[in-house]
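*Asks:* Structure supplied as coords.tsv; contents: TSV, C-alpha atoms.
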```tsv
chain	number	residue	atom	x	y	z
A	292	MET	CA	0.00	0.00	0.00
A	293	LYS	CA	1.59	3.27	-1.15
A	294	LEU	CA	0.65	6.90	-0.65
A	295	ASN	CA	-0.28	8.92	-3.74
A	296	TYR	CA	2.09	11.82	-3.07
A	297	LYS	CA	1.04	13.93	-6.06
A	298	LYS	CA	-2.61	13.85	-5.06
A	299	THR	CA	-1.76	14.40	-1.40
A	300	PHE	CA	0.45	17.42	-2.18
A	301	ILE	CA	-2.37	18.98	-4.19
A	302	LEU	CA	-4.77	18.21	-1.36
A	303	GLY	CA	-2.33	20.01	0.92
A	304	LEU	CA	-3.15	23.24	-0.90
A	305	GLY	CA	-6.24	23.47	1.27
A	306	PHE	CA	-4.11	23.42	4.40
A	307	PHE	CA	-1.67	25.79	2.64
A	308	VAL	CA	-4.50	28.32	2.29
A	309	ILE	CA	-5.48	28.02	5.96
A	310	SER	CA	-1.89	28.36	7.16
A	311	LEU	CA	-1.21	31.35	4.90
A	312	VAL	CA	-3.96	33.29	6.60
A	313	TRP	CA	-3.29	32.28	10.19
A	314	SER	CA	0.46	32.85	10.01
A	315	VAL	CA	-0.01	36.45	8.89
A	316	TYR	CA	-3.02	36.91	11.16
A	317	ASN	CA	-1.42	35.59	14.34
A	318	TYR	CA	1.79	37.57	13.97
A	319	TYR	CA	0.65	40.95	12.65
A	320	VAL	CA	-2.88	41.44	14.03
A	321	PRO	CA	-1.67	41.64	17.68
A	322	LEU	CA	0.66	44.43	16.56
A	323	PHE	CA	-2.26	46.21	14.86
A	324	LEU	CA	-4.29	45.93	18.05
A	325	ARG	CA	-1.44	47.46	20.07
A	326	ASP	CA	-2.25	50.72	18.26
A	327	PHE	CA	-5.43	50.89	20.34
A	328	ILE	CA	-5.03	48.53	23.34
A	329	ASP	CA	-2.24	48.27	25.95
A	330	SER	CA	-3.49	45.15	27.76
A	331	GLN	CA	-2.15	41.85	26.36
A	332	PHE	CA	-5.14	40.08	27.92
A	333	TRP	CA	-7.60	42.08	25.80
A	334	ILE	CA	-5.43	41.82	22.69
A	335	ASN	CA	-5.32	38.04	23.09
A	336	GLY	CA	-9.04	38.08	23.83
A	337	ILE	CA	-9.75	39.64	20.44
A	338	MET	CA	-7.35	37.14	18.88
A	339	THR	CA	-9.62	34.32	20.09
A	340	PHE	CA	-12.47	35.35	17.76
A	341	ASP	CA	-11.52	32.60	15.34
A	342	ASN	CA	-11.48	29.98	18.05
A	343	ILE	CA	-14.78	31.01	19.60
A	344	LEU	CA	-16.38	30.64	16.19
A	345	ALA	CA	-14.47	27.41	15.66
A	346	VAL	CA	-15.89	25.88	18.83
A	347	SER	CA	-19.38	27.00	17.81
A	348	LEU	CA	-19.38	26.25	14.08
A	349	ILE	CA	-16.54	24.00	12.94
A	350	PRO	CA	-17.76	20.77	14.61
A	351	VAL	CA	-21.23	21.39	13.18
A	352	ILE	CA	-19.92	22.16	9.70
A	353	GLY	CA	-17.56	19.17	9.80
A	354	ALA	CA	-20.45	16.81	10.49
A	355	MET	CA	-22.68	18.64	7.98
A	356	SER	CA	-20.09	17.89	5.31
A	357	ASP	CA	-20.36	14.17	6.20
A	358	ASN	CA	-23.99	14.32	5.06
A	359	THR	CA	-23.61	16.69	2.10
A	360	ARG	CA	-24.11	15.36	-1.45
A	361	THR	CA	-23.46	17.63	-4.46
A	362	ARG	CA	-21.89	17.27	-7.87
A	363	PHE	CA	-18.79	18.93	-6.38
A	364	GLY	CA	-18.58	16.37	-3.57
A	365	ARG	CA	-19.17	16.50	0.18
A	366	ARG	CA	-16.38	18.85	1.27
A	367	MET	CA	-15.72	21.06	-1.78
A	368	PRO	CA	-18.92	23.19	-1.56
A	369	PHE	CA	-17.72	24.52	1.78
A	370	LEU	CA	-14.36	25.49	0.26
A	371	ILE	CA	-16.05	27.13	-2.72
A	372	LEU	CA	-18.11	29.31	-0.39
A	373	GLY	CA	-15.61	30.07	2.37
A	374	ILE	CA	-12.30	30.71	0.59
A	375	PRO	CA	-13.35	33.60	-1.72
A	376	ILE	CA	-15.15	35.44	1.09
A	377	SER	CA	-12.13	34.99	3.35
A	378	ALA	CA	-9.77	36.25	0.63
A	379	ILE	CA	-11.75	39.45	0.13
A	380	LEU	CA	-11.95	40.21	3.85
A	381	PHE	CA	-8.27	39.40	4.42
A	382	SER	CA	-7.19	41.77	1.64
A	383	VAL	CA	-8.99	44.72	3.30
A	384	LEU	CA	-7.83	43.89	6.86
A	385	PRO	CA	-4.74	46.18	6.98
A	386	PHE	CA	-6.83	49.14	5.79
A	387	TYR	CA	-8.47	49.45	9.24
A	388	THR	CA	-9.04	53.01	10.47
A	389	SER	CA	-10.21	52.40	14.04
A	390	LEU	CA	-10.56	49.70	16.70
A	391	LEU	CA	-14.20	49.22	15.67
A	392	SER	CA	-13.32	48.73	12.01
A	393	ILE	CA	-10.63	46.14	12.69
A	394	VAL	CA	-12.88	44.22	15.10
A	395	ILE	CA	-15.70	44.08	12.51
A	396	ILE	CA	-13.34	42.84	9.78
A	397	LEU	CA	-11.83	40.23	12.10
A	398	PHE	CA	-15.24	38.91	13.13
A	399	PHE	CA	-16.48	38.33	9.58
A	400	LEU	CA	-13.10	37.02	8.42
A	401	ASN	CA	-13.16	34.40	11.17
A	402	LEU	CA	-16.76	33.54	10.37
A	403	SER	CA	-15.91	32.85	6.72
A	404	MET	CA	-12.80	30.85	7.65
A	405	SER	CA	-14.92	28.62	9.91
A	406	ILE	CA	-16.97	27.54	6.90
A	407	TYR	CA	-14.20	25.53	5.26
A	408	ARG	CA	-11.62	24.58	7.90
A	409	ALA	CA	-13.05	21.20	9.03
A	410	PRO	CA	-14.19	20.10	5.52
A	411	THR	CA	-10.71	20.90	4.19
A	412	ILE	CA	-8.98	18.74	6.78
A	413	ALA	CA	-11.57	15.95	6.46
A	414	LEU	CA	-10.64	15.58	2.78
A	415	MET	CA	-7.39	13.85	3.76
A	416	PRO	CA	-8.88	10.77	5.50
A	417	ASP	CA	-11.58	10.66	2.80
A	418	ILE	CA	-9.00	9.79	0.14
A	419	THR	CA	-6.28	8.14	2.30
A	420	PRO	CA	-6.32	4.62	3.85
A	421	ALA	CA	-5.87	4.56	7.64
A	422	PRO	CA	-2.32	3.06	7.65
A	423	LEU	CA	-1.07	5.93	5.45
A	424	ARG	CA	-2.68	8.85	7.24
A	425	SER	CA	0.33	9.89	9.33
A	426	LYS	CA	2.38	10.11	6.13
A	427	ALA	CA	-0.42	11.98	4.35
A	428	ASN	CA	-0.84	14.29	7.33
A	429	GLY	CA	2.89	14.93	7.13
A	430	VAL	CA	2.52	16.02	3.51
A	431	ILE	CA	-0.38	18.40	4.09
A	432	ASN	CA	1.32	19.83	7.16
A	433	PHE	CA	4.41	20.29	5.01
A	434	MET	CA	2.24	22.51	2.83
A	435	GLY	CA	1.05	24.35	5.92
A	436	GLY	CA	4.63	24.77	7.09
A	437	LEU	CA	5.63	26.08	3.66
A	438	ALA	CA	2.90	28.70	3.92
A	439	SER	CA	4.11	29.74	7.37
A	440	VAL	CA	7.71	30.06	6.22
A	441	LEU	CA	6.67	32.14	3.22
A	442	VAL	CA	4.66	34.65	5.20
A	443	LEU	CA	6.94	34.82	8.25
A	444	PHE	CA	10.30	35.00	6.45
A	445	VAL	CA	9.63	36.35	2.97
A	446	GLY	CA	6.55	38.15	4.30
A	447	ALA	CA	8.70	40.02	6.85
A	448	PHE	CA	10.53	41.76	4.01
A	449	VAL	CA	7.32	42.34	2.05
A	450	TYR	CA	5.64	43.81	5.14
A	451	GLU	CA	8.58	46.13	5.76
A	452	TYR	CA	8.25	47.37	2.17
A	453	ASN	CA	4.44	47.60	2.13
A	454	LYS	CA	2.18	46.02	4.74
A	455	TYR	CA	-0.87	46.16	2.43
A	456	LEU	CA	0.92	44.15	-0.27
A	457	LEU	CA	1.47	41.20	2.08
A	458	PHE	CA	-2.26	40.84	2.79
A	459	ILE	CA	-3.31	41.30	-0.84
A	460	ALA	CA	-0.74	38.78	-2.12
A	461	THR	CA	-1.90	36.24	0.48
A	462	SER	CA	-5.50	36.69	-0.69
A	463	VAL	CA	-4.50	36.07	-4.31
A	464	LEU	CA	-2.71	32.84	-3.32
A	465	MET	CA	-5.89	31.70	-1.55
A	466	ILE	CA	-7.92	32.01	-4.76
A	467	VAL	CA	-5.25	30.29	-6.85
A	468	SER	CA	-5.13	27.37	-4.40
A	469	LEU	CA	-8.90	26.95	-4.57
A	470	PHE	CA	-8.82	26.69	-8.37
A	471	LEU	CA	-6.08	24.05	-8.21
A	472	LEU	CA	-8.02	22.02	-5.65
A	473	LEU	CA	-11.17	22.11	-7.77
A	474	LYS	CA	-9.23	21.06	-10.85
A	475	PHE	CA	-7.20	18.17	-9.47
A	476	ILE	CA	-9.01	16.76	-6.41
A	477	LYS	CA	-12.01	14.53	-7.12
A	478	GLU	CA	-13.77	13.39	-3.99
A	479	PRO	CA	-14.53	9.66	-3.80
A	480	ASP	CA	-18.12	8.53	-4.25
A	481	LYS	CA	-19.29	7.52	-0.80
A	482	GLY	CA	-22.62	6.12	-2.00
A	483	VAL	CA	-25.51	6.77	0.37
A	484	ILE	CA	-25.50	9.68	2.77
A	485	SER	CA	-24.25	8.81	6.22
A	486	LYS	CA	-27.03	7.83	8.61
A	487	GLU	CA	-25.03	9.17	11.50
A	488	ASP	CA	-27.12	11.05	14.02
A	489	LYS	CA	-27.72	14.68	13.18
A	490	VAL	CA	-24.81	16.94	13.85
A	491	ASN	CA	-24.46	16.99	17.63
A	492	ILE	CA	-20.99	17.68	18.90
A	493	PHE	CA	-22.04	17.16	22.51
A	494	GLY	CA	-23.59	13.82	21.62
A	495	ALA	CA	-20.31	12.75	20.02
A	496	LEU	CA	-18.39	13.99	23.05
A	497	SER	CA	-20.74	12.10	25.37
A	498	GLU	CA	-20.08	8.95	23.34
A	499	VAL	CA	-16.34	9.44	23.74
A	500	ILE	CA	-16.61	10.02	27.49
A	501	LYS	CA	-18.82	6.95	28.05
A	502	ASN	CA	-16.60	4.66	25.99
A	503	LYS	CA	-14.77	2.12	28.15
A	504	ASP	CA	-11.66	2.70	26.05
A	505	LYS	CA	-10.63	6.19	27.18
A	506	THR	CA	-7.96	6.58	24.50
A	507	THR	CA	-9.93	9.07	22.41
A	508	LEU	CA	-10.75	11.16	25.48
A	509	TYR	CA	-7.11	11.15	26.61
A	510	ILE	CA	-5.93	12.13	23.13
A	511	LEU	CA	-8.42	15.01	23.02
A	512	CYS	CA	-7.30	16.21	26.47
A	513	ALA	CA	-3.65	16.05	25.38
A	514	ILE	CA	-4.54	18.01	22.23
A	515	PHE	CA	-6.20	20.62	24.43
A	516	PHE	CA	-3.13	21.15	26.61
A	517	TRP	CA	-0.52	21.24	23.88
A	518	PHE	CA	-2.61	23.72	21.91
A	519	VAL	CA	-3.00	25.87	25.04
A	520	ALA	CA	0.80	25.97	25.06
A	521	TYR	CA	1.26	26.53	21.34
A	522	GLN	CA	-1.56	29.01	20.74
A	523	GLY	CA	-0.66	31.02	23.83
A	524	VAL	CA	2.88	31.53	22.57
A	525	GLU	CA	1.77	32.19	19.00
A	526	ALA	CA	-0.77	34.87	20.00
A	527	THR	CA	1.73	36.60	22.29
A	528	PHE	CA	5.05	36.22	20.47
A	529	SER	CA	4.97	39.29	18.20
A	530	ASN	CA	4.40	41.64	21.13
A	531	TYR	CA	6.85	39.56	23.22
A	532	SER	CA	9.59	40.12	20.65
A	533	VAL	CA	8.85	43.80	20.01
A	534	TYR	CA	7.92	45.02	23.52
A	535	TYR	CA	9.93	42.61	25.71
A	536	LEU	CA	13.00	41.68	23.71
A	537	GLY	CA	13.07	45.00	21.88
A	538	THR	CA	13.40	43.60	18.35
A	539	THR	CA	11.88	45.08	15.21
A	540	GLU	CA	8.72	43.57	13.75
A	541	LYS	CA	10.87	42.13	10.94
A	542	THR	CA	13.37	40.47	13.31
A	543	GLY	CA	10.63	38.94	15.44
A	544	SER	CA	8.95	37.51	12.36
A	545	ILE	CA	12.21	36.01	11.10
A	546	ILE	CA	12.88	34.41	14.51
A	547	LEU	CA	9.42	32.82	14.45
A	548	SER	CA	9.98	31.68	10.85
A	549	SER	CA	12.74	29.34	12.04
A	550	PHE	CA	10.14	27.43	14.06
A	551	ALA	CA	7.90	27.19	10.99
A	552	GLY	CA	10.87	26.32	8.78
A	553	MET	CA	11.93	23.31	10.84
A	554	PHE	CA	8.33	22.22	11.14
A	555	LEU	CA	8.24	22.35	7.35
A	556	ALA	CA	11.46	20.37	6.98
A	557	PHE	CA	10.29	17.58	9.29
A	558	ALA	CA	6.56	17.49	8.51
A	559	ILE	CA	6.93	14.52	6.16
A	560	PRO	CA	9.77	12.74	8.06
A	561	SER	CA	7.65	12.93	11.23
A	562	GLY	CA	5.06	10.71	9.57
A	563	PHE	CA	7.80	8.19	8.71
A	564	ILE	CA	9.18	8.32	12.25
A	565	ALA	CA	5.72	7.50	13.60
A	566	SER	CA	5.48	4.65	11.10
A	567	LYS	CA	8.61	3.12	12.61
A	568	VAL	CA	8.26	3.73	16.34
A	569	GLY	CA	4.51	4.42	16.68
A	570	LYS	CA	2.51	7.62	17.03
A	571	LYS	CA	2.42	7.59	20.83
A	572	LYS	CA	6.19	7.34	21.29
A	573	THR	CA	6.77	9.94	18.60
A	574	ILE	CA	4.43	12.43	20.26
A	575	LEU	CA	5.95	11.83	23.70
A	576	MET	CA	9.43	12.51	22.33
A	577	GLY	CA	8.14	15.73	20.77
A	578	ILE	CA	6.61	16.94	24.03
A	579	ILE	CA	9.75	16.25	26.07
A	580	GLY	CA	11.87	18.07	23.50
A	581	LEU	CA	9.61	21.13	23.39
A	582	VAL	CA	9.51	21.44	27.18
A	583	ILE	CA	13.32	21.52	27.29
A	584	VAL	CA	13.57	24.03	24.41
A	585	PHE	CA	10.93	26.38	25.82
A	586	LEU	CA	12.51	26.36	29.29
A	587	ILE	CA	15.82	27.36	27.73
A	588	LEU	CA	14.10	30.06	25.66
A	589	SER	CA	12.61	31.52	28.84
A	590	THR	CA	16.16	32.47	29.92
A	591	VAL	CA	17.17	34.24	26.69
A	592	ARG	CA	17.43	38.04	26.81
A	593	THR	CA	18.87	40.66	24.46
A	594	THR	CA	22.14	40.45	26.42
A	595	THR	CA	22.38	36.65	26.04
A	596	THR	CA	25.33	35.33	24.03
A	597	PHE	CA	26.72	31.82	23.47
A	598	LEU	CA	29.85	30.97	21.47
A	599	SER	CA	29.86	34.61	20.33
A	600	LEU	CA	26.35	34.22	18.88
A	601	PRO	CA	23.92	37.10	19.57
A	602	PHE	CA	20.56	36.49	21.23
A	603	ASN	CA	18.54	36.59	17.99
A	604	ILE	CA	20.61	33.82	16.39
A	605	ILE	CA	20.37	31.77	19.59
A	606	MET	CA	16.61	32.20	19.53
A	607	MET	CA	16.42	31.19	15.89
A	608	ILE	CA	18.38	28.01	16.59
A	609	LEU	CA	16.25	27.13	19.60
A	610	MET	CA	13.00	27.94	17.80
A	611	GLY	CA	14.16	25.78	14.90
A	612	ILE	CA	14.76	22.84	17.24
A	613	GLY	CA	11.35	23.50	18.76
A	614	GLY	CA	9.78	23.37	15.29
A	615	PHE	CA	11.21	19.88	14.81
A	616	PHE	CA	9.73	18.64	18.08
A	617	TRP	CA	6.39	20.31	17.30
A	618	SER	CA	6.25	18.39	14.02
A	619	LEU	CA	6.51	15.10	15.95
A	620	ILE	CA	3.44	16.12	17.96
A	621	ASN	CA	1.24	17.92	15.47
A	622	ILE	CA	1.65	15.63	12.47
A	623	ASN	CA	0.54	12.53	14.33
A	624	SER	CA	-2.24	13.83	16.57
A	625	TYR	CA	-5.08	14.17	14.05
A	626	PRO	CA	-4.54	10.65	12.59
A	627	MET	CA	-4.73	9.26	16.13
A	628	VAL	CA	-8.16	10.86	16.56
A	629	VAL	CA	-9.73	9.66	13.29
A	630	GLU	CA	-8.32	6.16	13.74
A	631	CYS	CA	-10.49	5.88	16.85
A	632	THR	CA	-13.70	6.02	14.80
A	633	THR	CA	-15.40	4.63	11.69
A	634	GLU	CA	-15.29	6.08	8.16
A	635	ASP	CA	-18.79	7.58	8.31
A	636	LYS	CA	-17.92	9.63	11.40
A	637	ILE	CA	-14.62	11.10	10.23
A	638	GLY	CA	-16.15	14.55	9.76
A	639	THR	CA	-17.62	14.51	13.24
A	640	TYR	CA	-14.37	13.37	14.86
A	641	THR	CA	-12.57	16.03	12.84
A	642	GLY	CA	-15.02	18.40	14.48
A	643	LEU	CA	-14.12	17.00	17.91
A	644	TYR	CA	-10.44	17.52	17.13
A	645	TYR	CA	-11.16	21.14	16.25
A	646	PHE	CA	-13.47	21.57	19.23
A	647	PHE	CA	-10.69	20.72	21.68
A	648	SER	CA	-7.92	22.52	19.80
A	649	SER	CA	-10.11	25.60	19.35
A	650	LEU	CA	-11.23	25.58	22.98
A	651	ALA	CA	-7.53	25.53	23.89
A	652	ALA	CA	-6.89	28.35	21.45
A	653	ILE	CA	-9.51	30.43	23.28
A	654	LEU	CA	-8.27	29.75	26.79
A	655	GLY	CA	-4.54	29.62	25.98
A	656	PRO	CA	-4.14	33.21	24.72
A	657	LEU	CA	-6.40	34.50	27.51
A	658	MET	CA	-4.31	32.73	30.16
A	659	PHE	CA	-1.07	33.98	28.62
A	660	GLY	CA	-2.44	37.52	28.31
A	661	PHE	CA	-3.61	37.44	31.93
A	662	PHE	CA	-0.20	36.42	33.27
A	663	VAL	CA	1.64	38.83	30.96
A	664	ASP	CA	-0.41	41.74	32.31
A	665	ILE	CA	0.31	40.67	35.91
A	666	ILE	CA	3.93	39.47	35.91
A	667	GLY	CA	5.24	40.35	32.44
A	668	PHE	CA	6.24	38.62	29.23
A	669	GLY	CA	9.07	36.66	30.87
A	670	PHE	CA	6.65	33.98	32.11
A	671	MET	CA	5.42	33.08	28.61
A	672	PHE	CA	7.68	30.11	27.82
A	673	VAL	CA	7.45	28.73	31.38
A	674	LEU	CA	3.64	28.66	31.25
A	675	SER	CA	3.84	26.93	27.87
A	676	SER	CA	6.16	24.26	29.29
A	677	LEU	CA	3.77	23.53	32.16
A	678	SER	CA	0.92	23.00	29.70
A	679	PHE	CA	3.02	20.64	27.59
A	680	ILE	CA	3.79	18.58	30.72
A	681	LEU	CA	0.03	18.12	31.29
A	682	ALA	CA	-0.33	17.02	27.66
A	683	PHE	CA	2.46	14.47	28.21
A	684	MET	CA	0.57	12.97	31.14
A	685	PHE	CA	-2.58	12.41	29.07
A	686	ILE	CA	-0.90	11.00	25.98
A	687	PHE	CA	1.12	8.66	28.24
A	688	LEU	CA	-2.19	7.14	29.43
A	689	THR	CA	-3.48	6.26	25.94
A	690	ARG	CA	-4.13	2.65	25.01
A	691	SER	CA	-5.84	1.70	21.75
A	692	LYS	CA	-5.93	-1.52	19.78
A	693	ALA	CA	-6.94	0.37	16.63
A	694	ILE	CA	-3.94	2.71	16.84
A	695	GLU	CA	-1.56	-0.11	17.73
A	696	ASN	CA	-2.83	-2.19	14.79
A	697	ASN	CA	-2.45	0.73	12.36
A	698	ASP	CA	1.07	1.38	13.62
A	699	ARG	CA	1.96	-2.28	13.07
A	700	GLU	CA	0.54	-2.11	9.55
A	701	ASN	CA	2.67	0.96	8.87
A	702	THR	CA	5.85	-0.92	9.80
A	703	ASN	CA	5.05	-3.86	7.50
```
Kindly return the structure encoded in the file as structure tokens.

*Replies:*
Amino acid sequence: MKLNYKKTFILGLGFFVISLVWSVYNYYVPLFLRDFIDSQFWINGIMTFDNILAVSLIPVIGAMSDNTRTRFGRRMPFLILGIPISAILFSVLPFYTSLLSIVIILFFLNLSMSIYRAPTIALMPDITPAPLRSKANGVINFMGGLASVLVLFVGAFVYEYNKYLLFIATSVLMIVSLFLLLKFIKEPDKGVISKEDKVNIFGALSEVIKNKDKTTLYILCAIFFWFVAYQGVEATFSNYSVYYLGTTEKTGSIILSSFAGMFLAFAIPSGFIASKVGKKKTILMGIIGLVIVFLILSTVRTTTTFLSLPFNIIMMILMGIGGFFWSLININSYPMVVECTTEDKIGTYTGLYYFFSSLAAILGPLMFGFFVDIIGFGFMFVLSSLSFILAFMFIFLTRSKAIENNDRENTN
């Protein structure tokens, strides 16, 4: 059984589009908000718009796509609707004139993005056999990592030249990606519409909680805690670099791009690593590595030097190592979730994945903002490490015959 890499790379364009937007959004929007708001808690609160809508809408839309039947397929109609609207709103975002105008744009941008996020991700297990999903997830996350590197590294120079151009160019790439997806990805014919119960995320969650095998619940809890850690840092880092470390916007973006760059480099190898040693062990190694890296990063200041290297180079190296460990975690988490269910419920379990990750992305930035306002930016990486330790505890508890069987098939 071999993965169709060409088809999977094209499928990854959907994730490419999502990552293009969020990489620009998560780095530059907090800086825009600093023009009007001094409190990091309230800045991070506004940054959770997308995740509040994600918790409310994405699980519902993911399960709706399970039951959708059109000539374009089950998932594609949601992309056709959501991507163009998102592109238009994203292109006008940097033209804000007041706090009210930027908040209105952000709300409707996040609403349109919610339409196609879960259906886009659910396309991967639709066309990929279970034993190959870690490898396929590696490919589409490679595309997401490529998008992040483009907008954080190349985008830093574009932004310095003209901040409006970065947002407009990103919007154009979104439309181009949609056309390529429509041209080359043909959804498989699933036959009859799923007879799964009507979209009820709490019903699905209740099913998971009541299940004697707690593996899915433990995985979802681990996902929650490592996304608290990741999203908290991501929402806070641009202001951390500019207002705590004293870097320029460009330098901070380039430092963060090293994390995205190493994630990109190891997105596909991480799937192969999991195929050899198993998803659970791979994720545990990633968590341990990130805890160590983030604790070291918490000690770095502008005066820090090592082997004559200045602090910004040290941070780039450490963030790059962190990106490698994050790839071990992130690439293999979603396949673990969908391998705990049946084919007709993939959309719903995709929704559960996004429910927990989005809930974390609401609470994580708020927690980080709260502590930053009270004790300063210096606590950011320590708080992240503590959250990763909690994630380690949950993933350590997982036991699943389905996952173990799929891992064995991957090694054969």

*Asks:* Quick one: pull the distance between CA of Ser310 (chain A) and CA of Thr461 (chain A), Å, one decimal.

*Replies:* 10.3 Å

*Asks:* Using only C-alpha atoms, which protein or nucleic acid residues come within 12 Å of Thr542 (chain A)? Drop anything in the same chain fewer than 5 positions from it, and give the result as a PyMOL selection string.

*Replies:* chain A and resi 318+443-448+450-451+528-533+536-537+547-549+602-604+606-607

*Asks:* Between CA of Gly655 (chain A) and CA of Ile680 (chain A), measure the distance and give it in Å to one decimal.

*Replies:* 14.6 Å

*Asks:* Restricting the calculation to all atoms listed in the file, which member of A:Leu302, A:Val315, A:Leu586, A:Leu619 is positioned closest to Ile431 (chain A)?

*Replies:* A:Leu302

*Asks:* As lines of an AutoDock Vina configuration file, please report the centre and edge lengths, rounded to one decimal in Å, of the axis-aligned box that holds all listed atoms of region 387-394 of chain A with 8 Å of padding on each of the six sides.

*Replies:*
```
center_x = -11.3
center_y = 48.6
center_z = 13.0
size_x = 21.7
size_y = 24.8
size_z = 23.5
```

*Asks:* So which one's closest to Ile374 (chain A), A:Val430, A:Gln331, A:Ile337, A:Ser462? Using all atoms listed in the file, please.

*Replies:*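 Closest candidate: A:Ser462.
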
*Asks:* Find the distance between CA of Val440 (chain A) and CA of Thr339 (chain A) and write it in Å to one decimal.

*Replies:*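 These atoms are spaced 22.6 Å apart.
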
*Asks:* Here is a test: counting all atoms listed in the file, which residue of A:Met671, A:Ile579, A:Ala378, A:Leu441 is nearest to Val463 (chain A)?

*Replies:*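 Smallest separation from Val463 (chain A) among the options: A:Ala378.
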
*Asks:* Which protein, DNA or RNA residues are at most 7 Å from (-1.9, 47.9, 5.9) in the file's coordinates when you count only C-alpha atoms, listed as a VMD selection string?

*Replies:* chain A and resid 385 to 386 454 to 455

*Asks:* Write out as JSON, numbers by chain which residues come within 9 Å of Tyr640 (chain A) when counting only C-alpha atoms, dropping same-chain ones fewer than 2 positions away.

*Replies:* {"A": [350, 353, 354, 492, 495, 628, 629, 631, 632, 636, 637, 638, 642, 643, 644, 645]}

*Asks:* May I ask which of the residues A:Ala460, A:Ala438, A:Met576, A:Leu471 is the closest one to Ile379 (chain A), counting only C-alpha atoms?

*Replies:*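 For Ile379 (chain A), the nearest of the given residues is A:Ala460.
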